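Participant: Sharing input.cif here; it has mmCIF, C-alpha atoms.
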data_upload
loop_
_atom_site.label_atom_id
_atom_site.label_comp_id
_atom_site.auth_asym_id
_atom_site.auth_seq_id
_atom_site.Cartn_x
_atom_site.Cartn_y
_atom_site.Cartn_z
CA MET A 1 63.44 76.33 191.90
CA ALA A 2 65.91 76.48 194.79
CA ALA A 3 65.67 73.70 197.36
CA ALA A 4 63.99 74.75 200.59
CA ILE A 5 64.84 71.39 202.21
CA GLN A 6 68.11 69.52 201.62
CA ILE A 7 68.57 66.09 203.23
CA GLU A 8 71.94 64.41 202.74
CA ASN A 9 72.77 60.86 203.87
CA LEU A 10 70.47 61.27 206.86
CA GLY A 11 70.64 58.68 209.61
CA LYS A 12 68.99 58.47 213.02
CA HIS A 13 69.23 55.58 215.45
CA PHE A 14 67.43 54.78 218.71
CA ARG A 15 67.94 52.30 221.52
CA ARG A 16 65.64 49.46 222.48
CA TYR A 17 65.45 48.61 226.21
CA HIS A 18 64.36 45.59 228.20
CA ARG A 19 60.59 45.36 228.53
CA ASP A 20 60.96 45.10 232.34
CA ARG A 21 63.26 48.12 232.58
CA PRO A 22 62.77 49.83 236.01
CA PRO A 23 60.65 52.96 235.58
CA THR A 24 62.42 55.06 238.27
CA LEU A 25 66.01 55.80 239.24
CA LYS A 26 65.44 54.36 242.73
CA GLU A 27 64.24 51.04 241.35
CA THR A 28 67.13 51.03 238.89
CA ILE A 29 69.67 51.41 241.72
CA LEU A 30 67.94 48.78 243.90
CA SER A 31 68.00 46.32 241.00
CA GLY A 32 71.74 46.80 240.66
CA TRP A 33 71.30 48.55 237.29
CA ARG A 34 70.09 45.28 235.80
CA SER A 35 67.86 45.71 232.76
CA SER A 36 68.72 49.42 232.62
CA LYS A 37 70.99 49.12 229.60
CA SER A 38 69.68 49.05 226.05
CA VAL A 39 69.26 45.68 224.41
CA GLU A 40 70.21 46.94 220.96
CA GLN A 41 70.30 49.93 218.68
CA PHE A 42 68.24 50.26 215.53
CA TRP A 43 68.28 52.74 212.68
CA ALA A 44 64.98 54.55 212.27
CA LEU A 45 66.48 56.31 209.22
CA ARG A 46 69.54 55.43 207.14
CA HIS A 47 71.11 56.84 203.97
CA VAL A 48 68.20 59.16 203.17
CA ASP A 49 68.83 61.76 200.46
CA LEU A 50 66.04 64.12 199.44
CA ASP A 51 65.58 67.70 198.22
CA VAL A 52 62.28 69.57 198.28
CA SER A 53 61.99 72.71 196.17
CA ARG A 54 59.92 75.77 196.91
CA GLY A 55 56.39 75.31 195.64
CA GLU A 56 56.79 71.53 195.57
CA MET A 57 54.81 68.95 197.55
CA VAL A 58 56.48 65.61 198.31
CA GLY A 59 54.49 62.69 199.73
CA ILE A 60 55.98 60.08 202.05
CA VAL A 61 54.48 56.58 202.16
CA GLY A 62 55.42 53.47 204.10
CA GLN A 63 54.25 51.13 206.83
CA ASN A 64 54.10 52.17 210.48
CA GLY A 65 57.62 52.12 211.85
CA ALA A 66 59.16 52.86 208.44
CA GLY A 67 60.65 56.15 209.69
CA LYS A 68 58.19 58.62 208.14
CA SER A 69 57.44 60.64 211.28
CA THR A 70 61.11 60.53 212.34
CA LEU A 71 62.01 62.05 208.97
CA LEU A 72 59.61 64.95 209.46
CA GLN A 73 60.85 65.45 213.00
CA MET A 74 64.45 65.72 211.79
CA VAL A 75 63.44 68.28 209.17
CA GLY A 76 61.44 70.17 211.80
CA GLY A 77 64.42 70.31 214.17
CA VAL A 78 62.99 67.84 216.68
CA GLY A 79 66.10 65.82 217.47
CA THR A 80 69.60 65.67 216.01
CA PRO A 81 70.73 63.40 213.16
CA ASP A 82 73.32 60.74 213.98
CA GLU A 83 74.53 60.73 210.39
CA GLY A 84 74.34 63.23 207.55
CA ARG A 85 72.62 66.57 207.76
CA VAL A 86 69.39 68.46 207.13
CA ARG A 87 69.38 72.03 205.82
CA VAL A 88 66.23 74.13 205.65
CA GLU A 89 65.76 77.59 204.20
CA GLY A 90 62.68 79.33 205.56
CA ARG A 91 60.23 79.42 208.44
CA ILE A 92 58.76 76.01 209.30
CA GLY A 93 55.14 75.25 210.06
CA ALA A 94 54.76 71.73 211.43
CA LEU A 95 51.57 69.71 211.68
CA LEU A 96 53.20 66.78 213.46
CA ASP A 97 50.68 66.54 216.30
CA LEU A 98 47.85 69.03 216.01
CA GLY A 99 47.08 70.77 219.26
CA ALA A 100 49.84 69.03 221.22
CA GLY A 101 51.47 72.31 222.24
CA PHE A 102 48.34 73.98 223.61
CA SER A 103 47.96 74.74 227.30
CA PRO A 104 44.61 73.28 228.44
CA ASP A 105 44.02 75.95 231.08
CA LEU A 106 44.47 78.88 228.69
CA THR A 107 41.77 80.03 226.32
CA GLY A 108 41.87 79.33 222.61
CA GLY A 109 42.78 82.97 221.99
CA GLU A 110 45.65 82.91 224.49
CA ASN A 111 46.97 79.73 222.90
CA ILE A 112 46.87 81.43 219.49
CA ASP A 113 49.05 84.24 220.88
CA ILE A 114 51.61 81.81 222.28
CA ALA A 115 51.64 79.50 219.26
CA GLY A 116 51.98 82.41 216.85
CA VAL A 117 54.98 83.86 218.69
CA ALA A 118 56.52 80.37 218.89
CA ALA A 119 56.13 80.14 215.10
CA GLY A 120 58.28 83.25 214.71
CA LEU A 121 55.71 86.04 214.46
CA THR A 122 55.70 89.23 216.50
CA ARG A 123 52.76 89.86 218.83
CA GLY A 124 51.56 92.51 216.39
CA GLU A 125 51.64 90.05 213.49
CA VAL A 126 49.70 87.52 215.56
CA ARG A 127 47.07 90.16 216.34
CA GLN A 128 46.74 90.96 212.63
CA ARG A 129 46.07 87.29 211.85
CA PHE A 130 43.98 86.54 214.93
CA ASP A 131 40.51 86.93 213.41
CA ARG A 132 41.56 84.98 210.31
CA ILE A 133 42.84 82.08 212.45
CA VAL A 134 39.64 81.95 214.52
CA ALA A 135 37.38 82.15 211.48
CA PHE A 136 39.27 79.44 209.61
CA ALA A 137 39.03 77.12 212.64
CA GLU A 138 35.30 77.94 212.94
CA LEU A 139 35.68 78.60 216.68
CA GLU A 140 34.21 82.10 217.03
CA GLU A 141 31.83 81.04 219.81
CA ALA A 142 34.43 79.07 221.79
CA ILE A 143 37.63 81.07 221.37
CA ASP A 144 37.39 82.63 224.86
CA ASN A 145 36.87 79.26 226.58
CA PRO A 146 39.71 77.17 228.04
CA VAL A 147 41.12 74.65 225.57
CA ARG A 148 40.40 71.85 228.06
CA THR A 149 36.72 72.35 227.23
CA TYR A 150 37.37 71.77 223.51
CA SER A 151 36.74 68.46 221.83
CA SER A 152 39.71 66.78 220.16
CA GLY A 153 38.34 67.88 216.79
CA MET A 154 38.14 71.52 217.91
CA GLN A 155 41.74 71.40 219.15
CA MET A 156 42.90 69.89 215.88
CA ARG A 157 41.08 72.55 213.86
CA LEU A 158 42.70 75.28 215.94
CA GLY A 159 46.14 73.70 215.59
CA PHE A 160 45.77 73.42 211.84
CA SER A 161 44.51 76.98 211.50
CA VAL A 162 47.43 78.40 213.50
CA ALA A 163 49.96 76.42 211.47
CA VAL A 164 48.69 77.44 208.04
CA ASN A 165 47.93 81.07 208.86
CA THR A 166 51.37 82.00 210.21
CA GLU A 167 52.68 82.04 206.62
CA PRO A 168 55.29 79.27 206.86
CA GLU A 169 57.72 78.79 203.98
CA ILE A 170 58.02 75.07 204.78
CA LEU A 171 55.06 72.95 205.86
CA LEU A 172 55.43 69.49 207.41
CA ILE A 173 52.18 67.50 207.54
CA ASP A 174 51.74 64.19 209.35
CA GLU A 175 48.28 62.68 208.61
CA PHE A 176 46.30 65.92 208.97
CA LEU A 177 43.14 65.06 207.05
CA SER A 178 41.30 63.63 210.03
CA VAL A 179 40.61 67.25 210.98
CA GLY A 180 36.90 68.03 211.23
CA ASP A 181 34.15 66.97 208.85
CA LEU A 182 34.42 66.55 205.11
CA ALA A 183 33.64 70.21 204.43
CA PHE A 184 36.43 71.35 206.76
CA GLN A 185 38.83 68.84 205.24
CA ALA A 186 38.09 70.30 201.81
CA LYS A 187 38.86 73.77 203.17
CA CYS A 188 42.16 72.47 204.53
CA LEU A 189 43.07 71.07 201.13
CA ASP A 190 42.24 74.36 199.41
CA ARG A 191 44.43 76.27 201.87
CA ILE A 192 47.35 73.90 201.35
CA GLN A 193 47.06 74.24 197.59
CA GLU A 194 47.12 78.03 197.98
CA MET A 195 50.29 77.83 200.07
CA LYS A 196 51.92 75.54 197.53
CA ALA A 197 51.08 77.99 194.72
CA GLN A 198 52.67 80.77 196.78
CA GLY A 199 55.97 78.86 196.96
CA CYS A 200 55.66 76.90 200.20
CA ALA A 201 57.65 73.63 200.25
CA ILE A 202 55.49 70.83 201.66
CA MET A 203 56.22 67.32 202.94
CA LEU A 204 53.14 65.15 203.49
CA ILE A 205 52.83 61.82 205.29
CA SER A 206 49.64 59.94 204.49
CA HIS A 207 48.33 56.39 204.52
CA SER A 208 45.87 57.47 201.83
CA LEU A 209 47.48 56.76 198.47
CA GLY A 210 44.70 58.80 196.86
CA GLN A 211 45.89 61.89 198.74
CA ILE A 212 49.47 61.22 197.67
CA THR A 213 48.60 60.91 193.99
CA ASP A 214 46.09 63.79 193.99
CA LEU A 215 48.14 66.34 195.93
CA CYS A 216 51.83 65.63 195.49
CA ASP A 217 54.39 66.36 192.78
CA ARG A 218 56.73 63.57 193.89
CA ALA A 219 56.57 60.68 196.34
CA VAL A 220 59.03 58.67 198.42
CA TRP A 221 58.50 55.14 199.73
CA LEU A 222 60.29 54.45 203.02
CA ARG A 223 60.83 50.91 204.30
CA ARG A 224 62.73 50.19 207.52
CA GLY A 225 64.18 53.69 207.45
CA GLU A 226 65.55 53.59 203.90
CA VAL A 227 64.26 54.92 200.60
CA VAL A 228 62.89 52.11 198.43
CA VAL A 229 61.89 54.26 195.49
CA GLU A 230 61.40 57.95 194.68
CA GLY A 231 59.59 59.41 191.70
CA LEU A 232 56.19 60.32 190.28
CA PRO A 233 53.46 59.85 192.92
CA GLU A 234 51.38 57.55 190.69
CA VAL A 235 54.37 55.24 190.18
CA VAL A 236 55.50 55.18 193.80
CA ALA A 237 51.97 54.77 195.17
CA GLY A 238 51.30 52.01 192.66
CA GLN A 239 54.43 50.07 193.59
CA TYR A 240 53.70 50.46 197.29
CA ALA A 241 50.07 49.34 196.85
CA VAL A 242 51.13 46.32 194.81
CA ASN A 243 53.57 45.33 197.54
CA MET A 244 50.88 45.67 200.21
CA ARG A 245 48.28 43.78 198.18
CA SER A 246 50.65 41.00 197.19
CA GLU A 247 51.50 40.26 200.82
CA THR A 248 47.81 40.29 201.76
CA ARG A 249 46.87 38.07 198.82
CA ARG A 250 49.70 35.68 199.62
CA ARG A 251 48.24 35.22 203.09
CA THR A 252 44.60 35.00 201.93
CA PRO A 253 43.20 31.43 201.97
CA ASN A 254 42.30 29.97 198.58
CA GLN A 255 38.64 30.17 199.59
CA ALA A 256 38.02 33.08 201.94
CA PRO A 257 35.02 32.40 204.21
CA SER A 258 31.76 33.83 202.88
CA LEU A 259 29.68 35.96 205.18
CA ALA A 260 26.12 37.28 205.25
CA SER A 261 26.41 40.56 207.15
CA SER A 262 23.60 42.24 209.07
CA GLY A 263 21.84 44.89 207.04
CA CYS A 264 23.47 43.84 203.76
CA GLU A 265 22.03 41.04 201.66
CA LEU A 266 25.42 40.31 200.13
CA GLN A 267 27.92 37.51 200.41
CA VAL A 268 31.52 38.46 201.12
CA ASN A 269 33.48 36.15 198.85
CA ARG A 270 35.73 37.33 196.04
CA ASN A 271 35.85 40.81 197.61
CA ARG A 272 37.26 39.53 200.88
CA PHE A 273 41.02 39.45 201.49
CA GLY A 274 43.32 38.76 204.42
CA SER A 275 45.09 36.15 206.51
CA MET A 276 41.93 35.63 208.64
CA GLU A 277 43.94 35.65 211.88
CA ALA A 278 41.24 38.08 212.98
CA GLU A 279 37.90 38.16 211.20
CA ILE A 280 35.12 40.65 210.60
CA SER A 281 31.93 38.76 211.43
CA ALA A 282 29.36 41.52 210.80
CA VAL A 283 29.11 45.13 209.67
CA ARG A 284 26.12 47.36 210.43
CA LEU A 285 25.39 50.78 208.96
CA THR A 286 23.09 52.92 211.12
CA PRO A 287 20.52 54.34 210.46
CA GLY A 288 20.88 52.17 207.35
CA PRO A 289 22.41 51.84 203.91
CA ARG A 290 20.39 54.87 202.70
CA ILE A 291 20.86 58.28 204.34
CA GLY A 292 20.49 61.92 203.39
CA SER A 293 23.47 64.10 202.57
CA GLY A 294 24.76 65.73 205.75
CA GLU A 295 23.16 63.14 208.04
CA PRO A 296 25.13 61.13 210.62
CA LEU A 297 26.40 57.62 209.94
CA ARG A 298 27.45 54.94 212.41
CA VAL A 299 29.58 51.99 211.27
CA GLU A 300 29.68 49.04 213.66
CA ILE A 301 32.22 46.29 213.02
CA ASP A 302 32.00 42.97 214.89
CA VAL A 303 35.34 41.16 214.98
CA THR A 304 36.49 37.81 216.34
CA SER A 305 39.86 36.17 216.87
CA GLU A 306 40.43 32.65 218.15
CA GLN A 307 44.07 33.40 218.94
CA PRO A 308 45.41 36.74 220.25
CA VAL A 309 46.86 38.98 217.55
CA GLN A 310 49.13 41.88 218.32
CA ALA A 311 48.34 45.58 217.85
CA VAL A 312 45.85 46.07 215.05
CA ASN A 313 44.51 48.98 213.03
CA PHE A 314 40.94 49.33 211.84
CA ASN A 315 40.18 51.10 208.59
CA VAL A 316 36.91 52.44 207.15
CA SER A 317 36.74 54.10 203.75
CA VAL A 318 33.96 55.33 201.48
CA THR A 319 34.39 55.00 197.72
CA ARG A 320 32.15 56.18 194.89
CA LYS A 321 30.49 53.30 193.07
CA ASN A 322 30.82 54.51 189.48
CA ASP A 323 34.57 55.25 189.45
CA GLY A 324 36.09 54.03 192.74
CA GLN A 325 36.99 57.57 193.87
CA VAL A 326 38.07 57.54 197.53
CA CYS A 327 35.84 60.06 199.33
CA LEU A 328 36.78 59.27 202.94
CA ASP A 329 39.58 57.19 204.47
CA LEU A 330 39.86 56.88 208.26
CA ASN A 331 41.89 54.56 210.49
CA THR A 332 42.68 54.06 214.16
CA THR A 333 46.44 54.56 213.89
CA ASP A 334 46.54 57.46 216.34
CA GLU A 335 43.35 56.95 218.31
CA ALA A 336 42.11 53.49 219.21
CA GLN A 337 44.84 51.06 218.24
CA MET A 338 44.33 47.96 220.37
CA ALA A 339 47.27 46.41 222.20
CA ALA A 340 45.95 42.97 221.31
CA LEU A 341 42.78 41.47 219.92
CA SER A 342 41.37 38.24 221.31
CA GLY A 343 37.87 36.84 221.39
CA ALA A 344 34.99 39.06 220.28
CA ALA A 345 34.81 42.85 220.10
CA THR A 346 32.81 45.59 218.38
CA ILE A 347 34.50 48.63 216.89
CA VAL A 348 32.35 51.69 216.19
CA LEU A 349 33.04 54.66 213.94
CA SER A 350 30.59 57.54 214.44
CA LEU A 351 30.41 60.31 211.86
CA ARG A 352 28.44 63.33 213.02
CA ARG A 353 27.59 64.20 209.43
CA LEU A 354 28.53 62.84 206.04
CA ASP A 355 28.53 65.70 203.53
CA LEU A 356 28.65 63.61 200.37
CA ALA A 357 26.85 64.50 197.18
CA GLY A 358 23.88 62.38 196.22
CA GLY A 359 24.75 59.07 194.61
CA ASP A 360 25.82 55.47 195.23
CA TYR A 361 28.87 54.55 197.28
CA PHE A 362 30.52 51.63 199.06
CA VAL A 363 31.69 51.44 202.68
CA ASN A 364 34.89 49.38 202.88
CA VAL A 365 36.12 47.98 206.21
CA GLY A 366 39.27 46.20 207.25
CA ILE A 367 41.53 45.01 210.08
CA PHE A 368 45.25 45.43 209.44
CA ARG A 369 48.49 44.71 211.21
CA ALA A 370 49.80 47.71 213.13
CA ASP A 371 52.58 48.19 210.56
CA TRP A 372 50.07 47.90 207.65
CA GLU A 373 52.16 45.10 206.13
CA TYR A 374 49.05 43.08 205.32
CA ALA A 375 45.36 42.75 206.16
CA TYR A 376 43.88 40.31 208.65
CA ASP A 377 40.47 40.77 207.03
CA TYR A 378 39.45 43.37 204.43
CA HIS A 379 36.00 43.73 202.84
CA TRP A 380 36.18 45.78 199.65
CA GLU A 381 33.09 47.12 197.84
CA VAL A 382 30.74 44.91 199.84
CA TYR A 383 28.54 47.30 201.83
CA PRO A 384 26.51 49.70 199.62
CA LEU A 385 25.64 53.19 200.82
CA SER A 386 23.14 55.40 199.03
CA ILE A 387 23.22 59.15 199.67
CA GLU A 388 20.02 61.06 198.98
CA GLY A 389 20.59 64.66 198.00
CA PRO A 390 21.71 66.89 195.15
CA GLU A 391 24.38 65.42 192.92
CA ASN A 392 27.66 67.26 192.33
CA PRO A 393 29.15 66.36 188.93
CA LYS A 394 32.31 68.36 189.71
CA GLY A 395 33.08 66.89 193.13
CA VAL A 396 32.07 64.51 195.90
CA LEU A 397 31.15 67.02 198.61
CA CYS A 398 27.82 68.68 199.21
CA PRO A 399 28.24 70.78 202.39
CA PRO A 400 25.58 73.19 203.62
CA PHE A 401 25.99 76.58 201.94
CA ARG A 402 24.18 79.73 200.92
CA TRP A 403 24.97 82.67 198.68
CA SER A 404 24.52 86.27 199.79
CA ILE A 405 24.90 89.59 198.03
CA GLY A 406 25.87 92.73 199.88
CA ARG A 407 25.47 96.13 198.31
CA ARG A 408 28.31 98.61 198.58
CA PRO A 409 27.77 102.37 198.56
CA ALA A 410 28.79 104.05 195.31
CA VAL A 411 32.20 105.70 195.41
#
Let's see the structure in the file written out as structure tokens.

Facilitator:
Amino acid sequence: MAAAIQIENLGKHFRRYHRDRPPTLKETILSGWRSSKSVEQFWALRHVDLDVSRGEMVGIVGQNGAGKSTLLQMVGGVGTPDEGRVRVEGRIGALLDLGAGFSPDLTGGENIDIAGVAAGLTRGEVRQRFDRIVAFAELEEAIDNPVRTYSSGMQMRLGFSVAVNTEPEILLIDEFLSVGDLAFQAKCLDRIQEMKAQGCAIMLISHSLGQITDLCDRAVWLRRGEVVVEGLPEVVAGQYAVNMRSETRRRTPNQAPSLASSGCELQVNRNRFGSMEAEISAVRLTPGPRIGSGEPLRVEIDVTSEQPVQAVNFNVSVTRKNDGQVCLDLNTTDEAQMAALSGAATIVLSLRRLDLAGGDYFVNVGIFRADWEYAYDYHWEVYPLSIEGPENPKGVLCPPFRWSIGRRPAV
């Protein structure tokens, strides 16, 4: 198929400034322009070549700061390349920051009108799609309220619904699957697969290697702004995972400290990895390690660090016991990343409902460097979780549902 996105020798550089750079022009002048100049320039992207065909989905993996989001921004027209060029053929739908363009004082419906026109539709076309957008976002009861009254999840659902229902020919997705609960995430995946089948070219950034291998036709590994490898998603994801694990294992002590965690009569030993610069001292699942399908779950993680460590990311995933299938993978990259960790702290992840099918699972928890280069402390397949409810042999989800039959008058 013809390429919808053509990236040739793409390069983009930025400037780094002094940490004590004056924040205002007045202070800059009074300081005699000291510390106002950049310390250095760095390349966020360099020598990137990539084509994406219509109906193809390409996944982008790499550590934080590798240039993934900058790449999507260049394709989406946010900024100008300093080297090379980007050519796109078709209307772009970008999920770079869901809900970022909404006006908080306008209603959800008014924001749909504005966002639809900004995406290239006429007002009439937006009106035709209006009910579909609202229904997909599941916001019928709140659509006439100001967006400032929406939760972050509601705003993200609305942003996603607008983006995928304006019929883009190119879709740019930056870590979208934190939208809503598991049932809504599944609906998002179905919609993206539909768009792909209809010829939409898609670029996806994700820290979940399972998403990359399950959804994408090709994958690209970026490191320090340059392409390390490009190819089949299983191969690229595997090489990237091996690199991540090898660095973590290299830093793991020969005998990782064992740990008896509250609520789990298990010792963390051979399933514990990391440099131990920051440690997970306890993990609690509330209301307990056995819940019903669709019930809430609270994961509390106690962490300690004798010496301050720089910005960290926390990760919680749920995997199926019998085959290791990743059912949920959440991290604090965009929400609660801590500037530094020192002493003792408790991190809490609250899930309003966990719509998993009945069966046995594991909750995996970890503390990682901000750039995901290696783990400080990662507990894999240590904390069991049993879901009571109907099993689903063809999937992992078990959302609430009901069938209905409506009779139509004979023609």

Participant: Could you tell me how far atom CA of A:Ala237 sits from atom CA of A:Trp43, in Å to one decimal place?

Facilitator: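 Atom CA of A:Trp43 sits 24.0 Å away from atom CA of A:Ala237.
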
Participant: Please, what distance in Å, to one decimal, runs between atom CA of A:Val220 and atom CA of A:His47?

Facilitator: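 We find that atom CA of A:Val220 and atom CA of A:His47 lie 13.4 Å from each other.
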
Participant: Which value, in Å to one decimal, gives the distance between atom CA of A:Ala3 and atom CA of A:Glu234?

Facilitator: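 Pair atom CA of A:Ala3 / atom CA of A:Glu234 returns 22.6 Å.
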
Participant: Name the closest residue to A:Asp51 among the candidates A:Arg191, A:Arg218, A:Arg320, A:Arg353; distances are taken between atoms, counting only C-alpha atoms.

Facilitator: A:Arg218

Participant: Please write as a list of chain:residue names the full residue list that the PyMOL selection byres ((chain A and resi 11) around 7) yields on this file.

Facilitator: A:Asn9, A:Leu10, A:Lys12, A:His13, A:Leu45, A:Arg46, A:His47, A:Val48, A:Pro81, A:Asp82, A:Glu83, A:Gly84

Participant: Name the residues in contact with stretch 311-313 of chain A at a cut-off of 12 Å, using all atoms listed in the file, excluding same-chain residues fewer than 2 positions from it; report them as a PyMOL selection string.

Facilitator: chain A and resi 63-64+207+277-279+303+305+308-309+315-316+330-342+347+365-378

Participant: Supply stretch 63-82 of chain A as a PDB file, in the coordinates of the input, with N, CA and C atoms built in where the input has gaps.

Facilitator:
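Result file out18.pdb:
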ATOM      1  N   GLN A  63      54.951  51.745 205.712  1.00  0.00           N
ATOM      2  CA  GLN A  63      54.250  51.130 206.830  1.00  0.00           C
ATOM      3  C   GLN A  63      54.578  51.866 208.124  1.00  0.00           C
ATOM      4  N   ASN A  64      53.765  51.637 209.158  1.00  0.00           N
ATOM      5  CA  ASN A  64      54.100  52.170 210.480  1.00  0.00           C
ATOM      6  C   ASN A  64      55.458  51.639 210.898  1.00  0.00           C
ATOM      7  N   GLY A  65      56.274  52.520 211.451  1.00  0.00           N
ATOM      8  CA  GLY A  65      57.620  52.120 211.850  1.00  0.00           C
ATOM      9  C   GLY A  65      58.644  52.228 210.745  1.00  0.00           C
ATOM     10  N   ALA A  66      58.233  52.745 209.570  1.00  0.00           N
ATOM     11  CA  ALA A  66      59.160  52.860 208.440  1.00  0.00           C
ATOM     12  C   ALA A  66      60.106  54.051 208.580  1.00  0.00           C
ATOM     13  N   GLY A  67      59.791  54.989 209.498  1.00  0.00           N
ATOM     14  CA  GLY A  67      60.650  56.150 209.690  1.00  0.00           C
ATOM     15  C   GLY A  67      60.067  57.447 209.155  1.00  0.00           C
ATOM     16  N   LYS A  68      58.797  57.431 208.749  1.00  0.00           N
ATOM     17  CA  LYS A  68      58.190  58.620 208.140  1.00  0.00           C
ATOM     18  C   LYS A  68      58.133  59.788 209.122  1.00  0.00           C
ATOM     19  N   SER A  69      57.575  59.550 210.306  1.00  0.00           N
ATOM     20  CA  SER A  69      57.440  60.640 211.280  1.00  0.00           C
ATOM     21  C   SER A  69      58.814  61.091 211.774  1.00  0.00           C
ATOM     22  N   THR A  70      59.749  60.156 211.932  1.00  0.00           N
ATOM     23  CA  THR A  70      61.110  60.530 212.340  1.00  0.00           C
ATOM     24  C   THR A  70      61.734  61.452 211.306  1.00  0.00           C
ATOM     25  N   LEU A  71      61.481  61.195 210.029  1.00  0.00           N
ATOM     26  CA  LEU A  71      62.010  62.050 208.970  1.00  0.00           C
ATOM     27  C   LEU A  71      61.480  63.471 209.106  1.00  0.00           C
ATOM     28  N   LEU A  72      60.169  63.612 209.299  1.00  0.00           N
ATOM     29  CA  LEU A  72      59.610  64.950 209.460  1.00  0.00           C
ATOM     30  C   LEU A  72      60.124  65.634 210.717  1.00  0.00           C
ATOM     31  N   GLN A  73      60.314  64.864 211.778  1.00  0.00           N
ATOM     32  CA  GLN A  73      60.850  65.450 213.000  1.00  0.00           C
ATOM     33  C   GLN A  73      62.259  65.973 212.801  1.00  0.00           C
ATOM     34  N   MET A  74      63.088  65.256 212.061  1.00  0.00           N
ATOM     35  CA  MET A  74      64.450  65.720 211.790  1.00  0.00           C
ATOM     36  C   MET A  74      64.432  67.010 210.968  1.00  0.00           C
ATOM     37  N   VAL A  75      63.545  67.064 209.977  1.00  0.00           N
ATOM     38  CA  VAL A  75      63.440  68.280 209.170  1.00  0.00           C
ATOM     39  C   VAL A  75      62.931  69.439 210.020  1.00  0.00           C
ATOM     40  N   GLY A  76      62.006  69.136 210.948  1.00  0.00           N
ATOM     41  CA  GLY A  76      61.440  70.170 211.800  1.00  0.00           C
ATOM     42  C   GLY A  76      62.324  70.566 212.972  1.00  0.00           C
ATOM     43  N   GLY A  77      63.495  69.951 213.094  1.00  0.00           N
ATOM     44  CA  GLY A  77      64.420  70.310 214.170  1.00  0.00           C
ATOM     45  C   GLY A  77      64.133  69.628 215.484  1.00  0.00           C
ATOM     46  N   VAL A  78      63.272  68.600 215.462  1.00  0.00           N
ATOM     47  CA  VAL A  78      62.990  67.840 216.680  1.00  0.00           C
ATOM     48  C   VAL A  78      63.965  66.661 216.733  1.00  0.00           C
ATOM     49  N   GLY A  79      65.074  66.840 217.411  1.00  0.00           N
ATOM     50  CA  GLY A  79      66.100  65.820 217.470  1.00  0.00           C
ATOM     51  C   GLY A  79      67.270  66.156 216.554  1.00  0.00           C
ATOM     52  N   THR A  80      68.363  65.435 216.751  1.00  0.00           N
ATOM     53  CA  THR A  80      69.600  65.670 216.010  1.00  0.00           C
ATOM     54  C   THR A  80      69.969  64.432 215.210  1.00  0.00           C
ATOM     55  N   PRO A  81      70.322  64.575 213.944  1.00  0.00           N
ATOM     56  CA  PRO A  81      70.730  63.400 213.160  1.00  0.00           C
ATOM     57  C   PRO A  81      71.992  62.760 213.737  1.00  0.00           C
ATOM     58  N   ASP A  82      72.099  61.452 213.604  1.00  0.00           N
ATOM     59  CA  ASP A  82      73.320  60.740 213.980  1.00  0.00           C
ATOM     60  C   ASP A  82      74.259  60.576 212.803  1.00  0.00           C
TER      61      ASP A  82
END
